[in-house]
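J.: Before anything else, here's the structure in question.
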Amino acid sequence: MEPWKPTDVIAIASLVGGIFGQGGGNELNSALTMQSFVKRMGKKAGREAWADFRSKNDPEAPTTVSKRFPYETRSAFAKKGLALPDPGSVHFTQTASASVAPGAAHGLATVGARLQAALEAAGHASNWELVSAKESATGHPIAVMGPQVGYFVPQILQEVDLHGPGIDARGAAFPGVSLYVQLGHGRDYAWSATTATSDNVDTFAEVLCKDKFHYRYRGKCLAMEKLEKSESWTSNAADPTPAGSQTLVAYRTVHGIVYARGKVGGRKVAFARQRSTYGHEADSVVGFAQLNEPGVVTGPAGFEKAVSHINFLFNWSYVDSEHIAYGLSGWMPQRAKGTSPDFPVLGTGKYDWKGYKPGNRTASWLPFAKHPQAVDPPFLVSWNNKQAPGWAAADDKYSYGPLFRSQMIADKVKAATKGKKKMTITQLVQAMEEPATQDLRGYRLLPTIFKAVGKPSSPKLRQALARLKAWHGHGAHHRDLDRDGVYEENDAVQLMDAWWPKLVAAEFKPTLGERTYAALEGMVRTGSYTGGSPTEPDFSDGWWSYVSKDLRDLFGPKPKGAWSRIYCGGGSKRKCRRVLQNSLAAALKTSPQQLYGGGDEACASNPQPSCFDQNRPQVTGGISLPPFPFQNRPTFQQVVTLTQRLPR
């Protein structure tokens, strides 16, 4: 086997950091979605309705810290440099187009491509929970921490144990970039991370000049840089893809890779994405080196110093024998004054990021002191949720509303530390383990739905609601405790799965219309996990907050930050109740085969949620493992309770 080359390390760092350590970059689709609202409802009402669903700074959104950290609070419609696309002008280009040789049609779905797709799907189930010394039964902080990087065979994380001058750490790292432990513990402290999904990627509209491959920047007409890469492959035991080759082509401006073209105000433009870490993917090695260095990490201050040098976006947790701490890492751009943080901005140079230098792709990043962070609050929980009040959701994150899965952990920690109670490490493990099989819809949203549905006259509907109420009362789990292959409350899970997409459509589609509804689904999926190929539910992004906000505005209690209009039943309680009951009646007619029988032979012959929900390992080697029962939790975890500080 050939040794790793520096270019290999940078490539792997780019892949890992580009998937787990970034957010935003969907300004163009967000603009198109907003324009769909405007076309449906008119300019004023459409913009207001879009802003409701955008959930940029919902006051009810659960956050990791309670202190306000304002970022990107400017209006989405800030006018300076605003580059909203002309209606009907946008067409998306492949970031890399392929000129293929025989067999290459299959090659486009090679192991690398499948690996990236799987990583993107798996990167948002990491969690960690920390309890301070004051709230712990031992008088020392306790923690349960773990990243989710999917289930692979072989696994894509490796265990690393490093000791020597200036380094003393053990934990996990990605192969190829395992110069240091990336998630683990030092001499007398431990740390971990969750994907942050904050906003470090923006879209710039490059105004074209001369032809489609030239654009205006700082008073000059510049040529786009053509990037071309040829590759070939052969079949092997791990990947039977037929042998072939392909040539990948993309175009790059001073801001980034061109991914779409269109018009803005009648002028032809190319839309390019700019990521703060682009070309600097290996720079984070400084921060990881310091996390591994006991002479640097002597407490929360040293931990924060280390993570401040990590340019990718991660929610970092820290625990030692006395303290817990949190800090959001990343190079956060400071947008040009008066520009929109939500939509494309003109790329002429006038509206560049503060201090941007195209020669080395650097800028004046937001100082780390202004990033969300905390030391020794009663407890801290992160499950890819919103970081802090005022820290605006990235333009591709529409789901930071009143319901988020982090509440399933935080509720249990709050209960175990209420009043004079002190939490044990066993309880903290359970606070993470219980939500791994819980359904956020059943756990948090059903009481609001019950109030809205009322008491139907139909005995079948009353029986269905009773089944769901019992399931909610038992914690709304997807689990098979006796291992007979069937969930303990299988009928309730199946009913929730059948009802959910019908309920959402009945509540919102009449007002939004087909096109706007579909556009919004393109920004945030409804959270339906049935009807296609089997998939394990993650209860991260979904429309549960939308349903909660809308129904509470109609039936109470009134939500904070109420929306500009009520959608269910057009604002009529009677009509809303009727459409919800009708959607439940339709759900009762949905068969298990319709829900779980598609896309997989095993579930076609065994159509039930326990089959459909299973975790299915991605096989990238010569050995395979069968699916295993559903769990929505990290790939690996640390259970930490430290009692002493060791000498440096």
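By convention here, the chains of the structure tokens are called A, B, ... in the order presented, each chain's residues are numbered starting at 1, and ligands are numbered starting at 1 in the order presented.
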Excluding same-chain residues fewer than 6 positions from range 426-428 of chain A, what lies within 12 Å of it counting only C-alpha atoms, as a PDB file with N, CA and C atoms, in the first residue's frame?
T.:
ATOM      1  N   TRP A 128     -24.498  15.334  22.479  1.00  0.00           N
ATOM      2  CA  TRP A 128     -23.767  15.276  23.740  1.00  0.00           C
ATOM      3  C   TRP A 128     -24.573  15.991  24.809  1.00  0.00           C
ATOM      4  N   GLU A 129     -24.372  15.563  26.045  1.00  0.00           N
ATOM      5  CA  GLU A 129     -25.072  16.136  27.182  1.00  0.00           C
ATOM      6  C   GLU A 129     -24.104  16.195  28.364  1.00  0.00           C
ATOM      7  N   LEU A 130     -24.002  17.372  28.977  1.00  0.00           N
ATOM      8  CA  LEU A 130     -23.081  17.622  30.075  1.00  0.00           C
ATOM      9  C   LEU A 130     -23.859  18.136  31.283  1.00  0.00           C
ATOM     10  N   VAL A 131     -23.490  17.662  32.462  1.00  0.00           N
ATOM     11  CA  VAL A 131     -24.118  18.128  33.703  1.00  0.00           C
ATOM     12  C   VAL A 131     -23.019  18.674  34.612  1.00  0.00           C
ATOM     13  N   SER A 132     -23.248  19.851  35.162  1.00  0.00           N
ATOM     14  CA  SER A 132     -22.232  20.528  35.964  1.00  0.00           C
ATOM     15  C   SER A 132     -22.011  19.838  37.305  1.00  0.00           C
ATOM     16  N   GLU A 135     -24.863  20.057  39.828  1.00  0.00           N
ATOM     17  CA  GLU A 135     -26.065  19.267  39.565  1.00  0.00           C
ATOM     18  C   GLU A 135     -25.785  17.766  39.546  1.00  0.00           C
ATOM     19  N   SER A 136     -24.547  17.377  39.773  1.00  0.00           N
ATOM     20  CA  SER A 136     -24.146  15.971  39.710  1.00  0.00           C
ATOM     21  C   SER A 136     -24.157  15.329  41.095  1.00  0.00           C
ATOM     22  N   ALA A 137     -24.545  14.069  41.153  1.00  0.00           N
ATOM     23  CA  ALA A 137     -24.598  13.338  42.424  1.00  0.00           C
ATOM     24  C   ALA A 137     -23.214  13.133  43.026  1.00  0.00           C
ATOM     25  N   THR A 138     -22.164  13.159  42.197  1.00  0.00           N
ATOM     26  CA  THR A 138     -20.803  12.926  42.685  1.00  0.00           C
ATOM     27  C   THR A 138     -20.094  14.205  43.106  1.00  0.00           C
ATOM     28  N   PRO A 141     -18.465  17.023  37.498  1.00  0.00           N
ATOM     29  CA  PRO A 141     -19.247  17.016  36.258  1.00  0.00           C
ATOM     30  C   PRO A 141     -19.344  15.611  35.658  1.00  0.00           C
ATOM     31  N   ILE A 142     -20.417  15.372  34.928  1.00  0.00           N
ATOM     32  CA  ILE A 142     -20.607  14.109  34.217  1.00  0.00           C
ATOM     33  C   ILE A 142     -21.005  14.419  32.772  1.00  0.00           C
ATOM     34  N   ALA A 143     -20.705  13.484  31.887  1.00  0.00           N
ATOM     35  CA  ALA A 143     -20.980  13.745  30.472  1.00  0.00           C
ATOM     36  C   ALA A 143     -21.195  12.448  29.711  1.00  0.00           C
ATOM     37  N   VAL A 144     -22.062  12.527  28.693  1.00  0.00           N
ATOM     38  CA  VAL A 144     -22.216  11.476  27.691  1.00  0.00           C
ATOM     39  C   VAL A 144     -22.094  12.179  26.345  1.00  0.00           C
ATOM     40  N   MET A 145     -21.128  11.745  25.525  1.00  0.00           N
ATOM     41  CA  MET A 145     -20.814  12.502  24.314  1.00  0.00           C
ATOM     42  C   MET A 145     -20.548  11.550  23.155  1.00  0.00           C
ATOM     43  N   PHE A 379     -26.486  22.671  33.039  1.00  0.00           N
ATOM     44  CA  PHE A 379     -26.262  21.575  32.102  1.00  0.00           C
ATOM     45  C   PHE A 379     -26.222  22.122  30.690  1.00  0.00           C
ATOM     46  N   LEU A 380     -25.746  21.299  29.759  1.00  0.00           N
ATOM     47  CA  LEU A 380     -25.679  21.664  28.348  1.00  0.00           C
ATOM     48  C   LEU A 380     -26.092  20.464  27.507  1.00  0.00           C
ATOM     49  N   VAL A 381     -26.892  20.709  26.478  1.00  0.00           N
ATOM     50  CA  VAL A 381     -27.341  19.647  25.575  1.00  0.00           C
ATOM     51  C   VAL A 381     -27.227  20.144  24.136  1.00  0.00           C
ATOM     52  N   ILE A 409     -33.897  14.952  25.084  1.00  0.00           N
ATOM     53  CA  ILE A 409     -32.811  14.759  26.048  1.00  0.00           C
ATOM     54  C   ILE A 409     -32.906  15.791  27.166  1.00  0.00           C
ATOM     55  N   ALA A 410     -33.062  17.058  26.778  1.00  0.00           N
ATOM     56  CA  ALA A 410     -33.063  18.140  27.765  1.00  0.00           C
ATOM     57  C   ALA A 410     -34.169  17.970  28.803  1.00  0.00           C
ATOM     58  N   ASP A 411     -35.341  17.497  28.388  1.00  0.00           N
ATOM     59  CA  ASP A 411     -36.444  17.288  29.334  1.00  0.00           C
ATOM     60  C   ASP A 411     -36.052  16.326  30.450  1.00  0.00           C
ATOM     61  N   LYS A 412     -35.312  15.286  30.084  1.00  0.00           N
ATOM     62  CA  LYS A 412     -34.931  14.262  31.061  1.00  0.00           C
ATOM     63  C   LYS A 412     -33.843  14.778  32.001  1.00  0.00           C
ATOM     64  N   VAL A 413     -32.935  15.587  31.470  1.00  0.00           N
ATOM     65  CA  VAL A 413     -31.902  16.184  32.315  1.00  0.00           C
ATOM     66  C   VAL A 413     -32.522  17.183  33.288  1.00  0.00           C
ATOM     67  N   LYS A 414     -33.467  17.984  32.786  1.00  0.00           N
ATOM     68  CA  LYS A 414     -34.150  18.940  33.662  1.00  0.00           C
ATOM     69  C   LYS A 414     -34.878  18.225  34.792  1.00  0.00           C
ATOM     70  N   ALA A 415     -35.554  17.141  34.474  1.00  0.00           N
ATOM     71  CA  ALA A 415     -36.310  16.393  35.489  1.00  0.00           C
ATOM     72  C   ALA A 415     -35.387  15.795  36.543  1.00  0.00           C
ATOM     73  N   ALA A 416     -34.214  15.336  36.114  1.00  0.00           N
ATOM     74  CA  ALA A 416     -33.290  14.679  37.044  1.00  0.00           C
ATOM     75  C   ALA A 416     -32.505  15.674  37.897  1.00  0.00           C
ATOM     76  N   THR A 417     -32.537  16.961  37.538  1.00  0.00           N
ATOM     77  CA  THR A 417     -31.814  17.980  38.301  1.00  0.00           C
ATOM     78  C   THR A 417     -32.751  19.024  38.904  1.00  0.00           C
ATOM     79  N   GLU A 434     -32.900   6.811  26.045  1.00  0.00           N
ATOM     80  CA  GLU A 434     -34.348   6.801  25.843  1.00  0.00           C
ATOM     81  C   GLU A 434     -34.759   7.508  24.548  1.00  0.00           C
ATOM     82  N   PRO A 435     -34.262   8.720  24.265  1.00  0.00           N
ATOM     83  CA  PRO A 435     -34.641   9.389  23.021  1.00  0.00           C
ATOM     84  C   PRO A 435     -34.188   8.665  21.757  1.00  0.00           C
ATOM     85  N   GLN A 638     -18.718   8.382  24.456  1.00  0.00           N
ATOM     86  CA  GLN A 638     -17.936   8.393  25.684  1.00  0.00           C
ATOM     87  C   GLN A 638     -18.877   8.632  26.860  1.00  0.00           C
ATOM     88  N   VAL A 639     -18.709   7.862  27.911  1.00  0.00           N
ATOM     89  CA  VAL A 639     -19.390   8.113  29.180  1.00  0.00           C
ATOM     90  C   VAL A 639     -18.304   8.572  30.136  1.00  0.00           C
ATOM     91  N   VAL A 640     -18.409   9.823  30.592  1.00  0.00           N
ATOM     92  CA  VAL A 640     -17.284  10.454  31.278  1.00  0.00           C
ATOM     93  C   VAL A 640     -17.663  10.937  32.666  1.00  0.00           C
ATOM     94  N   THR A 641     -16.873  10.525  33.641  1.00  0.00           N
ATOM     95  CA  THR A 641     -16.951  11.107  34.981  1.00  0.00           C
ATOM     96  C   THR A 641     -15.533  11.173  35.525  1.00  0.00           C
TER      97      THR A 641
END
J.: Under the rule of at most 12 Å, produce a per-residue listing of range 540-610 of chain A near range 55-61 of chain A: chain, number, name, the closest pair of atoms, and the distance in Å, as JSON lines, using only C-alpha atoms.
T.:
{"residue": "A:Trp543", "atom": "CA", "partner": "A:Ser55", "partner_atom": "CA", "distance": 11.2}
{"residue": "A:Ser545", "atom": "CA", "partner": "A:Ala61", "partner_atom": "CA", "distance": 9.0}
{"residue": "A:Tyr546", "atom": "CA", "partner": "A:Ser55", "partner_atom": "CA", "distance": 9.2}
{"residue": "A:Ser548", "atom": "CA", "partner": "A:Glu60", "partner_atom": "CA", "distance": 11.0}
{"residue": "A:Lys549", "atom": "CA", "partner": "A:Glu60", "partner_atom": "CA", "distance": 9.6}
{"residue": "A:Lys558", "atom": "CA", "partner": "A:Glu60", "partner_atom": "CA", "distance": 11.6}
{"residue": "A:Pro559", "atom": "CA", "partner": "A:Glu60", "partner_atom": "CA", "distance": 7.9}
{"residue": "A:Lys560", "atom": "CA", "partner": "A:Glu60", "partner_atom": "CA", "distance": 6.4}
{"residue": "A:Gly561", "atom": "CA", "partner": "A:Pro59", "partner_atom": "CA", "distance": 6.2}
{"residue": "A:Ala562", "atom": "CA", "partner": "A:Asp58", "partner_atom": "CA", "distance": 9.3}
{"residue": "A:Trp563", "atom": "CA", "partner": "A:Ser55", "partner_atom": "CA", "distance": 10.0}
J.: Go through A:Gln608, A:Ser406, A:Asn582, A:Thr234 one by one, measure the shortest atom-to-atom distance of each to Val486 in chain A using only C-alpha atoms, and give the residue with the smallest value.
T.: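 Closest to Val486 in chain A, using only C-alpha atoms: A:Gln608.
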J.: Name all residues at most 8 Å from Ser75 in chain A (count only C-alpha atoms; drop same-chain ones fewer than 3 positions away) and give them as number ranges by chain.
T.: A: 78, 340-341
J.: Need the shell around Pro333 in chain A: protein/DNA/RNA residues with any atom at most 10 Å away, counting only C-alpha atoms. Skip same-chain ones fewer than 2 positions apart. Format as an mmCIF file with N, CA and C atoms, in the first residue's frame?
T.:
data_model
loop_
_atom_site.group_PDB
_atom_site.id
_atom_site.type_symbol
_atom_site.label_atom_id
_atom_site.label_comp_id
_atom_site.auth_asym_id
_atom_site.auth_seq_id
_atom_site.Cartn_x
_atom_site.Cartn_y
_atom_site.Cartn_z
ATOM 1 N N GLU A 72 -26.189 37.565 12.053
ATOM 2 C CA GLU A 72 -27.027 37.564 10.855
ATOM 3 C C GLU A 72 -28.480 37.938 11.165
ATOM 4 N N ASP A 199 -23.961 29.172 9.426
ATOM 5 C CA ASP A 199 -23.885 29.695 8.057
ATOM 6 C C ASP A 199 -22.493 30.203 7.699
ATOM 7 N N ASN A 200 -21.710 29.356 7.038
ATOM 8 C CA ASN A 200 -20.397 29.794 6.557
ATOM 9 C C ASN A 200 -20.275 29.669 5.041
ATOM 10 N N VAL A 201 -21.413 29.505 4.356
ATOM 11 C CA VAL A 201 -21.425 29.415 2.890
ATOM 12 C C VAL A 201 -22.445 30.413 2.356
ATOM 13 N N ASP A 202 -22.032 31.201 1.363
ATOM 14 C CA ASP A 202 -22.915 32.191 0.748
ATOM 15 C C ASP A 202 -22.945 32.019 -0.769
ATOM 16 N N ARG A 275 -17.458 29.318 0.375
ATOM 17 C CA ARG A 275 -17.369 28.698 1.705
ATOM 18 C C ARG A 275 -16.147 29.238 2.422
ATOM 19 N N SER A 276 -16.282 29.612 3.668
ATOM 20 C CA SER A 276 -15.178 30.248 4.391
ATOM 21 C C SER A 276 -13.957 29.350 4.513
ATOM 22 N N GLY A 330 -15.465 27.718 14.128
ATOM 23 C CA GLY A 330 -15.732 28.007 12.722
ATOM 24 C C GLY A 330 -15.351 29.408 12.301
ATOM 25 N N TRP A 331 -14.972 29.518 11.039
ATOM 26 C CA TRP A 331 -14.747 30.830 10.439
ATOM 27 C C TRP A 331 -16.096 31.364 9.981
ATOM 28 N N ARG A 335 -20.711 39.621 6.868
ATOM 29 C CA ARG A 335 -21.251 40.079 5.587
ATOM 30 C C ARG A 335 -21.146 41.592 5.437
ATOM 31 N N ALA A 336 -21.078 42.021 4.191
ATOM 32 C CA ALA A 336 -21.006 43.455 3.913
ATOM 33 C C ALA A 336 -22.219 44.167 4.499
ATOM 34 N N ASP A 352 -18.440 42.048 -1.015
ATOM 35 C CA ASP A 352 -17.677 40.913 -0.486
ATOM 36 C C ASP A 352 -17.743 40.870 1.036
ATOM 37 N N TRP A 353 -17.373 39.732 1.573
ATOM 38 C CA TRP A 353 -17.233 39.609 3.021
ATOM 39 C C TRP A 353 -16.199 40.624 3.526
ATOM 40 N N LYS A 354 -16.364 41.039 4.741
ATOM 41 C CA LYS A 354 -15.452 42.002 5.339
ATOM 42 C C LYS A 354 -14.017 41.470 5.287
ATOM 43 N N GLY A 355 -13.126 42.257 4.706
ATOM 44 C CA GLY A 355 -11.709 41.906 4.655
ATOM 45 C C GLY A 355 -11.363 40.785 3.697
ATOM 46 N N TYR A 356 -12.253 40.474 2.755
ATOM 47 C CA TYR A 356 -11.998 39.330 1.881
ATOM 48 C C TYR A 356 -10.836 39.590 0.923
ATOM 49 N N THR A 362 -9.019 34.499 2.267
ATOM 50 C CA THR A 362 -9.186 34.780 3.691
ATOM 51 C C THR A 362 -10.045 36.021 3.861
ATOM 52 N N ALA A 363 -10.528 36.217 5.085
ATOM 53 C CA ALA A 363 -11.368 37.375 5.382
ATOM 54 C C ALA A 363 -11.257 37.687 6.867
ATOM 55 N N SER A 364 -11.936 38.728 7.290
ATOM 56 C CA SER A 364 -11.968 39.087 8.714
ATOM 57 C C SER A 364 -13.133 38.351 9.355
ATOM 58 N N TRP A 365 -12.845 37.222 9.963
ATOM 59 C CA TRP A 365 -13.900 36.386 10.519
ATOM 60 C C TRP A 365 -14.446 36.960 11.821
ATOM 61 N N LEU A 366 -15.668 36.594 12.147
ATOM 62 C CA LEU A 366 -16.275 37.024 13.405
ATOM 63 C C LEU A 366 -15.398 36.564 14.571
ATOM 64 N N PRO A 367 -15.029 37.456 15.487
ATOM 65 C CA PRO A 367 -14.177 37.057 16.618
ATOM 66 C C PRO A 367 -14.812 35.921 17.422
#
J.: Give me, as a ChimeraX atom specification, all polymer residues having an atom no more than 7 Å from Phe174 in chain A, counting only C-alpha atoms and skipping those fewer than 2 positions away in the same chain.
T.: /A:156-158,176-178
J.: Could you list, as a JSON list (two decimals) with C-alpha atoms, in the first residue's frame, every residue within 8 Å of range 284-290 of chain A, counting only C-alpha atoms and ignoring same-chain residues fewer than 5 positions away?
T.:
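Everything below was put into part.json:
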[["chain", "number", "residue", "atom", "x", "y", "z"],
["A", 167, "ILE", "CA", 0.62, 14.96, 23.04],
["A", 180, "TYR", "CA", -4.38, 13.86, 16.12],
["A", 181, "VAL", "CA", -7.31, 12.56, 18.14],
["A", 182, "GLN", "CA", -10.32, 14.48, 16.92],
["A", 296, "VAL", "CA", -2.71, 23.88, 26.47],
["A", 297, "VAL", "CA", -5.95, 22.39, 27.78],
["A", 305, "LYS", "CA", -8.40, 28.54, 22.81],
["A", 306, "ALA", "CA", -8.03, 25.23, 20.99],
["A", 307, "VAL", "CA", -11.48, 25.18, 19.36],
["A", 308, "SER", "CA", -11.10, 28.82, 18.32],
["A", 309, "HIS", "CA", -8.43, 27.57, 15.89],
["A", 310, "ILE", "CA", -10.78, 25.06, 14.24],
["A", 311, "ASN", "CA", -12.27, 26.67, 11.16],
["A", 312, "PHE", "CA", -15.03, 24.11, 10.52]]
J.: Of the candidates A:Asn315, A:Thr203, A:Gln373, A:Gln631, which one gets nearest to Met432 in chain A if we count only C-alpha atoms?
T.: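 So, comparing all the options, the nearest one is A:Gln631.
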J.: Please list as a PyMOL selection string every residue within 7 Å of range 499-509 of chain A, counting only C-alpha atoms and excluding residues in the same chain fewer than 2 positions away.
T.: chain A and resi 495-497+511-514+517+528+567-569+579-580+583-584+587
J.: Could you check how far CA of Phe314 in chain A sits from CA of Arg74 in chain A, in Å to one decimal?
T.: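 So the two atoms, CA of Phe314 in chain A and CA of Arg74 in chain A, lie 23.3 Å apart.
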